[in-house]
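> Sending over work-v1.cif (mmCIF, C-alpha atoms).
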```cif
data_protein
#
loop_
_atom_site.label_atom_id
_atom_site.label_comp_id
_atom_site.auth_asym_id
_atom_site.auth_seq_id
_atom_site.Cartn_x
_atom_site.Cartn_y
_atom_site.Cartn_z
CA MET S 469 -54.68 -39.48 -3.47
CA VAL S 470 -53.22 -37.17 -6.08
CA THR S 471 -49.50 -36.39 -6.01
CA HIS S 472 -48.26 -33.21 -7.65
CA HIS S 473 -44.87 -33.33 -9.27
CA SER S 474 -42.89 -30.19 -9.85
CA ALA S 475 -42.48 -29.18 -13.44
CA ALA S 476 -38.71 -28.82 -13.07
CA PRO S 477 -36.68 -31.88 -14.02
CA PRO S 478 -34.55 -33.50 -11.27
CA HIS S 479 -31.28 -32.16 -12.68
CA SER S 480 -32.67 -28.60 -12.43
CA LYS S 481 -33.19 -29.02 -8.68
CA LEU S 482 -29.61 -30.22 -8.31
CA MET S 483 -28.29 -27.24 -10.27
CA ASN S 484 -30.30 -24.83 -8.08
CA ARG S 485 -28.90 -26.49 -4.95
CA GLU S 486 -25.34 -26.12 -6.30
CA LYS S 487 -25.92 -22.45 -7.13
CA ARG S 488 -27.19 -21.79 -3.61
CA ALA S 489 -24.17 -23.57 -2.13
CA MET S 490 -21.75 -21.62 -4.31
CA SER S 491 -23.36 -18.28 -3.56
CA SER S 492 -23.14 -18.91 0.19
CA HIS S 493 -19.35 -19.48 -0.13
CA THR S 494 -18.66 -16.47 -2.33
CA PRO S 495 -17.00 -13.80 -0.18
CA THR S 496 -18.42 -10.32 -0.24
CA ALA S 497 -16.20 -7.28 -0.40
CA SER S 498 -16.60 -6.67 3.33
CA SER S 499 -15.90 -10.26 4.40
CA ALA S 500 -12.99 -10.71 1.98
CA VAL S 501 -10.68 -8.43 3.97
CA SER S 502 -10.47 -8.77 7.73
CA HIS S 503 -9.56 -5.87 9.98
CA PRO S 504 -6.48 -7.66 11.40
CA THR S 505 -5.26 -8.17 7.82
CA ILE S 506 -5.66 -4.48 7.01
CA LEU S 507 -3.96 -3.52 10.28
CA THR S 508 -0.99 -5.75 9.41
CA TRP S 509 -0.64 -4.06 6.00
CA ARG S 510 -0.98 -0.62 7.62
CA ILE S 511 1.80 -1.43 10.08
CA ALA S 512 4.01 -2.73 7.24
CA SER S 513 3.31 0.46 5.27
CA ALA S 514 4.23 2.64 8.25
CA ILE S 515 7.43 0.70 8.90
CA LEU S 516 8.53 1.02 5.28
CA LEU S 517 7.81 4.76 5.32
CA LEU S 518 9.91 5.08 8.49
CA ILE S 519 12.77 3.10 6.96
CA MET S 520 12.70 5.26 3.84
CA GLY S 521 12.67 8.47 5.87
CA GLY S 522 15.34 7.09 8.20
CA ILE S 523 17.66 6.38 5.27
CA HIS S 524 17.33 9.98 4.11
CA VAL S 525 17.98 11.40 7.59
CA TYR S 526 20.96 9.05 7.99
CA LEU S 527 22.42 10.38 4.75
CA VAL S 528 22.06 13.98 6.02
CA PHE S 529 24.01 13.08 9.18
CA ASN S 530 26.67 11.42 7.03
CA GLY S 531 27.58 14.17 4.63
CA VAL S 532 24.68 15.01 2.30
CA GLY S 533 24.14 18.76 2.60
CA GLY S 534 22.92 21.75 0.69
CA LEU S 535 19.59 21.66 -1.11
CA LEU S 536 19.66 17.86 -1.29
CA GLY S 537 20.26 17.63 2.46
CA ALA S 538 17.33 19.95 3.15
CA LEU S 539 15.09 17.86 0.88
CA PHE S 540 16.24 14.70 2.66
CA VAL S 541 15.31 16.21 6.05
CA LEU S 542 11.87 17.09 4.68
CA ASN S 543 11.59 13.54 3.37
CA GLY S 544 12.30 12.18 6.85
CA ILE S 545 9.74 14.49 8.46
CA GLY S 546 7.10 13.68 5.82
CA ALA S 547 7.71 9.95 6.17
CA LEU S 548 7.35 10.17 9.96
CA ALA S 549 4.12 12.19 9.71
CA LEU S 550 2.59 9.81 7.15
CA ALA S 551 3.63 6.71 9.12
CA ILE S 552 1.96 8.06 12.25
CA ALA S 553 -1.15 9.05 10.26
CA ILE S 554 -1.47 5.57 8.72
CA ILE S 555 -1.41 4.00 12.19
CA VAL S 556 -3.52 6.54 14.10
CA LEU S 557 -6.18 7.81 11.70
CA ARG S 558 -9.49 6.17 10.82
CA GLY S 559 -12.09 6.49 8.07
CA ARG S 560 -11.62 8.92 5.21
CA LEU S 561 -8.57 10.54 6.78
CA LEU S 562 -6.88 7.13 6.94
CA LEU S 563 -7.66 6.58 3.28
CA LEU S 564 -6.27 10.03 2.45
CA ALA S 565 -3.10 9.40 4.50
CA THR S 566 -2.57 6.09 2.71
CA VAL S 567 -3.01 7.68 -0.72
CA LEU S 568 -0.54 10.41 0.27
CA GLY S 569 1.87 7.79 1.64
CA LEU S 570 1.72 5.87 -1.64
CA LEU S 571 2.29 9.02 -3.69
CA PHE S 572 5.11 10.08 -1.37
CA MET S 573 6.89 6.71 -1.58
CA ALA S 574 6.41 6.40 -5.35
CA GLY S 575 7.51 10.02 -5.87
CA THR S 576 10.65 9.48 -3.80
CA LEU S 577 11.43 6.33 -5.80
CA LEU S 578 10.86 8.20 -9.05
CA ALA S 579 13.17 11.01 -7.92
CA LEU S 580 15.93 8.49 -7.16
CA VAL S 581 15.49 6.73 -10.50
CA LEU S 582 15.61 10.07 -12.32
CA ALA S 583 18.74 11.09 -10.39
CA LEU S 584 20.34 7.77 -11.36
CA THR S 585 19.45 8.07 -15.05
CA VAL S 586 19.01 11.57 -16.47
CA GLY S 587 19.63 13.66 -13.37
CA LEU S 588 17.24 15.65 -11.20
CA PHE S 589 17.70 19.36 -10.39
CA GLY S 590 21.28 19.04 -11.63
CA ILE S 591 21.96 16.11 -9.29
CA HIS S 592 23.33 12.95 -10.85
CA GLU S 593 23.37 9.96 -8.56
CA VAL S 594 25.41 6.77 -8.92
CA LEU S 595 24.39 3.29 -7.84
CA SER S 596 27.57 2.91 -5.78
CA PHE S 597 26.68 5.84 -3.46
CA THR S 598 25.85 5.07 0.17
CA LEU S 599 22.60 3.11 0.58
CA VAL S 600 21.37 3.71 -3.00
CA PRO S 601 20.76 -0.01 -3.76
CA ALA S 602 19.04 -0.51 -0.38
CA THR S 603 16.95 2.60 -0.94
CA LEU S 604 15.83 1.35 -4.35
CA VAL S 605 14.72 -1.93 -2.78
CA ILE S 606 12.97 -0.33 0.22
CA GLU S 607 11.15 2.25 -1.89
CA SER S 608 10.09 -0.34 -4.47
CA ILE S 609 8.76 -2.70 -1.81
CA GLY S 610 7.20 0.25 0.02
CA THR S 611 5.36 1.38 -3.09
CA ILE S 612 3.95 -2.13 -3.60
CA VAL S 613 2.99 -2.56 0.07
CA LEU S 614 1.27 0.84 0.18
CA ALA S 615 -0.60 0.04 -3.05
CA VAL S 616 -1.82 -3.27 -1.57
CA THR S 617 -2.77 -1.53 1.69
CA LEU S 618 -4.75 1.09 -0.18
CA THR S 619 -6.49 -1.55 -2.30
CA LEU S 620 -7.46 -3.61 0.76
CA MET S 621 -8.77 -0.55 2.56
CA TRP S 622 -10.72 0.55 -0.49
CA ARG S 623 -12.28 -2.91 -0.89
CA SER S 624 -13.14 -3.05 2.80
CA ARG S 625 -14.68 0.41 2.66
CA ALA S 626 -16.72 -0.45 -0.44
CA GLY S 627 -18.20 -3.46 1.38
CA THR S 628 -19.48 -1.46 4.36
#
```
Let's see the structure in the file written out as structure tokens.

Amino acid sequence: MVTHHSAAPPHSKLMNREKRAMSSHTPTASSAVSHPTILTWRIASAILLLIMGGIHVYLVFNGVGGLLGALFVLNGIGALALAIAIIVLRGRLLLLATVLGLLFMAGTLLALVLALTVGLFGIHEVLSFTLVPATLVIESIGTIVLAVTLTLMWRSRAGT
């Protein structure tokens, strides 16, 4: 009886087995992000948008008027619309709403930072004004959360 031996040395078979085992545990883009995880980040994004918009509307009801007051009202309306869109929409429209939400949050943060430093439209803000420190924190966290949400959605979409 003739026995055929494979040409590969024994350590080569072990290495191939390890490669197969490693490749079966490597997550793909679609399995790396679960839908409940994305939903949680979407809800957090919407809540932070609502808080940001709520702060601006609160300031209007407590003395901020003129052009700045009108812009704050528009900020509240925009935040509400984007928060609803991030929860309700699906597919490409959801991705678009999240991009717009991120740009909106980051733009609002940038406007506050500019008003605190060099001024914006002739408005110079001070850190001691009502809710300015809280707004800086909320808008900074909101920008990060929306960026993570967008990244997770993008990765999930790329895997499907």
> Would you list the contacts of Phe597 of chain S as an mmCIF file with C-alpha atoms, keeping the file's coordinate frame, taking every protein, DNA or RNA residue within 12 Å and counting all atoms listed in the file, but skipping same-chain residues closer than 3 positions in sequence?

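The resulting file, out11.cif, is shown below:
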```
data_model
loop_
_atom_site.group_PDB
_atom_site.id
_atom_site.type_symbol
_atom_site.label_atom_id
_atom_site.label_comp_id
_atom_site.auth_asym_id
_atom_site.auth_seq_id
_atom_site.Cartn_x
_atom_site.Cartn_y
_atom_site.Cartn_z
ATOM 1 C CA LEU S 527 22.420 10.380 4.750
ATOM 2 C CA ASN S 530 26.670 11.420 7.030
ATOM 3 C CA GLY S 531 27.580 14.170 4.630
ATOM 4 C CA VAL S 532 24.680 15.010 2.300
ATOM 5 C CA LEU S 580 15.930 8.490 -7.160
ATOM 6 C CA ALA S 583 18.740 11.090 -10.390
ATOM 7 C CA LEU S 584 20.340 7.770 -11.360
ATOM 8 C CA HIS S 592 23.330 12.950 -10.850
ATOM 9 C CA GLU S 593 23.370 9.960 -8.560
ATOM 10 C CA VAL S 594 25.410 6.770 -8.920
ATOM 11 C CA VAL S 600 21.370 3.710 -3.000
ATOM 12 C CA PRO S 601 20.760 -0.010 -3.760
ATOM 13 C CA ALA S 602 19.040 -0.510 -0.380
ATOM 14 C CA THR S 603 16.950 2.600 -0.940
ATOM 15 C CA LEU S 604 15.830 1.350 -4.350
#
```
> Once the PyMOL selection byres ((chain S and resi 569) around 8) has been evaluated on this model, what residues remain selected, and can you format them as a JSON list (two decimals) with C-alpha atoms, keeping the file's coordinate frame?

```
[["chain", "number", "residue", "atom", "x", "y", "z"],
["S", 517, "LEU", "CA", 7.81, 4.76, 5.32],
["S", 547, "ALA", "CA", 7.71, 9.95, 6.17],
["S", 550, "LEU", "CA", 2.59, 9.81, 7.15],
["S", 551, "ALA", "CA", 3.63, 6.71, 9.12],
["S", 565, "ALA", "CA", -3.10, 9.40, 4.50],
["S", 566, "THR", "CA", -2.57, 6.09, 2.71],
["S", 567, "VAL", "CA", -3.01, 7.68, -0.72],
["S", 568, "LEU", "CA", -0.54, 10.41, 0.27],
["S", 570, "LEU", "CA", 1.72, 5.87, -1.64],
["S", 571, "LEU", "CA", 2.29, 9.02, -3.69],
["S", 572, "PHE", "CA", 5.11, 10.08, -1.37],
["S", 573, "MET", "CA", 6.89, 6.71, -1.58],
["S", 614, "LEU", "CA", 1.27, 0.84, 0.18]]
```
> Figure out the distance between atom CA of Ser624 of chain S and atom CA of Thr505 of chain S, please, to one decimal in Å.
10.7 Å
> Could you check how far atom CA of Gly544 of chain S sits from atom CA of His524 of chain S, in Å to one decimal?
6.1 Å
> S:Ile612, S:Val525, S:Leu595, S:Val586: which is nearest Gly537 of chain S, counting all atoms listed in the file?
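Using all atoms listed in the file, Gly537 of chain S sits closest to S:Val525.
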> Work out how far apart atom CA of Ile606 of chain S and atom CA of Leu577 of chain S are and give it in Å to one decimal.
9.1 Å
> Kindly indicate which residue among S:Trp509, S:Tyr526, S:Leu536, S:Leu557 lies nearest to Phe589 of chain S, using all atoms listed in the file for the distances.
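Using all atoms listed in the file, Phe589 of chain S sits closest to S:Leu536.
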> For Ile555 of chain S, which of S:Ile515, S:Thr611, S:Leu588, S:Leu542 is the closest residue, counting all atoms listed in the file?
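Distance minimum relative to Ile555 of chain S lands on S:Ile515.
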> Check which residues satisfy the PyMOL selection byres ((chain S and resi 503) around 12) in the file shown, then give them as a list in words.
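Expected selection for the PyMOL selection byres ((chain S and resi 503) around 12) here is Ser498, Ser499, Ala500, Val501, Ser502, Pro504, Thr505, Ile506, Leu507, Thr508, Trp509, Arg510, Thr617, Leu620, Met621, Arg623, Ser624 and Arg625 of chain S.
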> Hey, can I get the axis-aligned box for segment 590-599 of chain S? All listed atoms, 5 Å padding on each side, centre and edge lengths in Å to one decimal, as AutoDock Vina command-line options.

```
--center_x 24.4 --center_y 11.0 --center_z -5.5 --size_x 16.3 --size_y 26.1 --size_z 22.2
```
> Missing atoms in segment 582-615 of chain S: can you complete it with N, CA and C atoms, as a tab-separated table (two decimals), in the frame of the given file?

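Generated file (result.tsv):
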```tsv
chain	number	residue	atom	x	y	z
S	582	LEU	N	15.24	8.96	-11.44
S	582	LEU	CA	15.61	10.07	-12.32
S	582	LEU	C	17.03	10.56	-12.04
S	583	ALA	N	17.39	10.66	-10.75
S	583	ALA	CA	18.74	11.09	-10.39
S	583	ALA	C	19.79	10.08	-10.86
S	584	LEU	N	19.41	8.81	-10.89
S	584	LEU	CA	20.34	7.77	-11.36
S	584	LEU	C	20.46	7.74	-12.89
S	585	THR	N	19.45	8.18	-13.58
S	585	THR	CA	19.45	8.07	-15.05
S	585	THR	C	19.75	9.39	-15.72
S	586	VAL	N	18.85	10.32	-15.72
S	586	VAL	CA	19.01	11.57	-16.47
S	586	VAL	C	19.40	12.75	-15.59
S	587	GLY	N	19.33	12.56	-14.29
S	587	GLY	CA	19.63	13.66	-13.37
S	587	GLY	C	18.35	14.35	-12.94
S	588	LEU	N	18.41	14.96	-11.75
S	588	LEU	CA	17.24	15.65	-11.20
S	588	LEU	C	17.73	16.91	-10.50
S	589	PHE	N	17.27	18.07	-10.95
S	589	PHE	CA	17.70	19.36	-10.39
S	589	PHE	C	19.22	19.49	-10.44
S	590	GLY	N	19.83	18.97	-11.49
S	590	GLY	CA	21.28	19.04	-11.63
S	590	GLY	C	22.04	18.02	-10.80
S	591	ILE	N	21.32	17.14	-10.13
S	591	ILE	CA	21.96	16.11	-9.29
S	591	ILE	C	21.98	14.81	-10.07
S	592	HIS	N	23.17	14.24	-10.19
S	592	HIS	CA	23.33	12.95	-10.85
S	592	HIS	C	23.84	11.96	-9.82
S	593	GLU	N	23.05	10.96	-9.57
S	593	GLU	CA	23.37	9.96	-8.56
S	593	GLU	C	24.01	8.74	-9.21
S	594	VAL	N	24.81	8.01	-8.44
S	594	VAL	CA	25.41	6.77	-8.92
S	594	VAL	C	24.97	5.63	-8.00
S	595	LEU	N	24.86	4.46	-8.58
S	595	LEU	CA	24.39	3.29	-7.84
S	595	LEU	C	25.33	2.90	-6.70
S	596	SER	N	26.59	3.28	-6.81
S	596	SER	CA	27.57	2.91	-5.78
S	596	SER	C	27.55	3.84	-4.57
S	597	PHE	N	26.74	4.93	-4.60
S	597	PHE	CA	26.68	5.84	-3.46
S	597	PHE	C	26.03	5.15	-2.28
S	598	THR	N	26.33	5.65	-1.09
S	598	THR	CA	25.85	5.07	0.17
S	598	THR	C	24.35	4.81	0.15
S	599	LEU	N	23.98	3.57	0.41
S	599	LEU	CA	22.60	3.11	0.58
S	599	LEU	C	21.69	3.25	-0.66
S	600	VAL	N	22.22	3.59	-1.81
S	600	VAL	CA	21.37	3.71	-3.00
S	600	VAL	C	20.70	2.39	-3.35
S	601	PRO	N	21.45	1.26	-3.44
S	601	PRO	CA	20.76	-0.01	-3.76
S	601	PRO	C	19.69	-0.38	-2.72
S	602	ALA	N	20.02	-0.20	-1.44
S	602	ALA	CA	19.04	-0.51	-0.38
S	602	ALA	C	17.82	0.39	-0.49
S	603	THR	N	18.05	1.66	-0.81
S	603	THR	CA	16.95	2.60	-0.94
S	603	THR	C	16.04	2.23	-2.11
S	604	LEU	N	16.64	1.81	-3.21
S	604	LEU	CA	15.83	1.35	-4.35
S	604	LEU	C	14.93	0.19	-3.96
S	605	VAL	N	15.49	-0.75	-3.21
S	605	VAL	CA	14.72	-1.93	-2.78
S	605	VAL	C	13.61	-1.52	-1.82
S	606	ILE	N	13.96	-0.75	-0.80
S	606	ILE	CA	12.97	-0.33	0.22
S	606	ILE	C	11.84	0.47	-0.42
S	607	GLU	N	12.19	1.41	-1.28
S	607	GLU	CA	11.15	2.25	-1.89
S	607	GLU	C	10.30	1.47	-2.89
S	608	SER	N	10.88	0.50	-3.56
S	608	SER	CA	10.09	-0.34	-4.47
S	608	SER	C	9.12	-1.21	-3.69
S	609	ILE	N	9.63	-1.86	-2.66
S	609	ILE	CA	8.76	-2.70	-1.81
S	609	ILE	C	7.71	-1.83	-1.12
S	610	GLY	N	8.13	-0.67	-0.64
S	610	GLY	CA	7.20	0.25	0.02
S	610	GLY	C	6.07	0.69	-0.88
S	611	THR	N	6.39	0.97	-2.13
S	611	THR	CA	5.36	1.38	-3.09
S	611	THR	C	4.35	0.25	-3.29
S	612	ILE	N	4.84	-0.97	-3.41
S	612	ILE	CA	3.95	-2.13	-3.60
S	612	ILE	C	3.10	-2.36	-2.35
S	613	VAL	N	3.72	-2.32	-1.19
S	613	VAL	CA	2.99	-2.56	0.07
S	613	VAL	C	1.93	-1.48	0.28
S	614	LEU	N	2.26	-0.23	0.04
S	614	LEU	CA	1.27	0.84	0.18
S	614	LEU	C	0.14	0.69	-0.83
S	615	ALA	N	0.45	0.26	-2.05
S	615	ALA	CA	-0.60	0.04	-3.05
S	615	ALA	C	-1.54	-1.09	-2.61
```
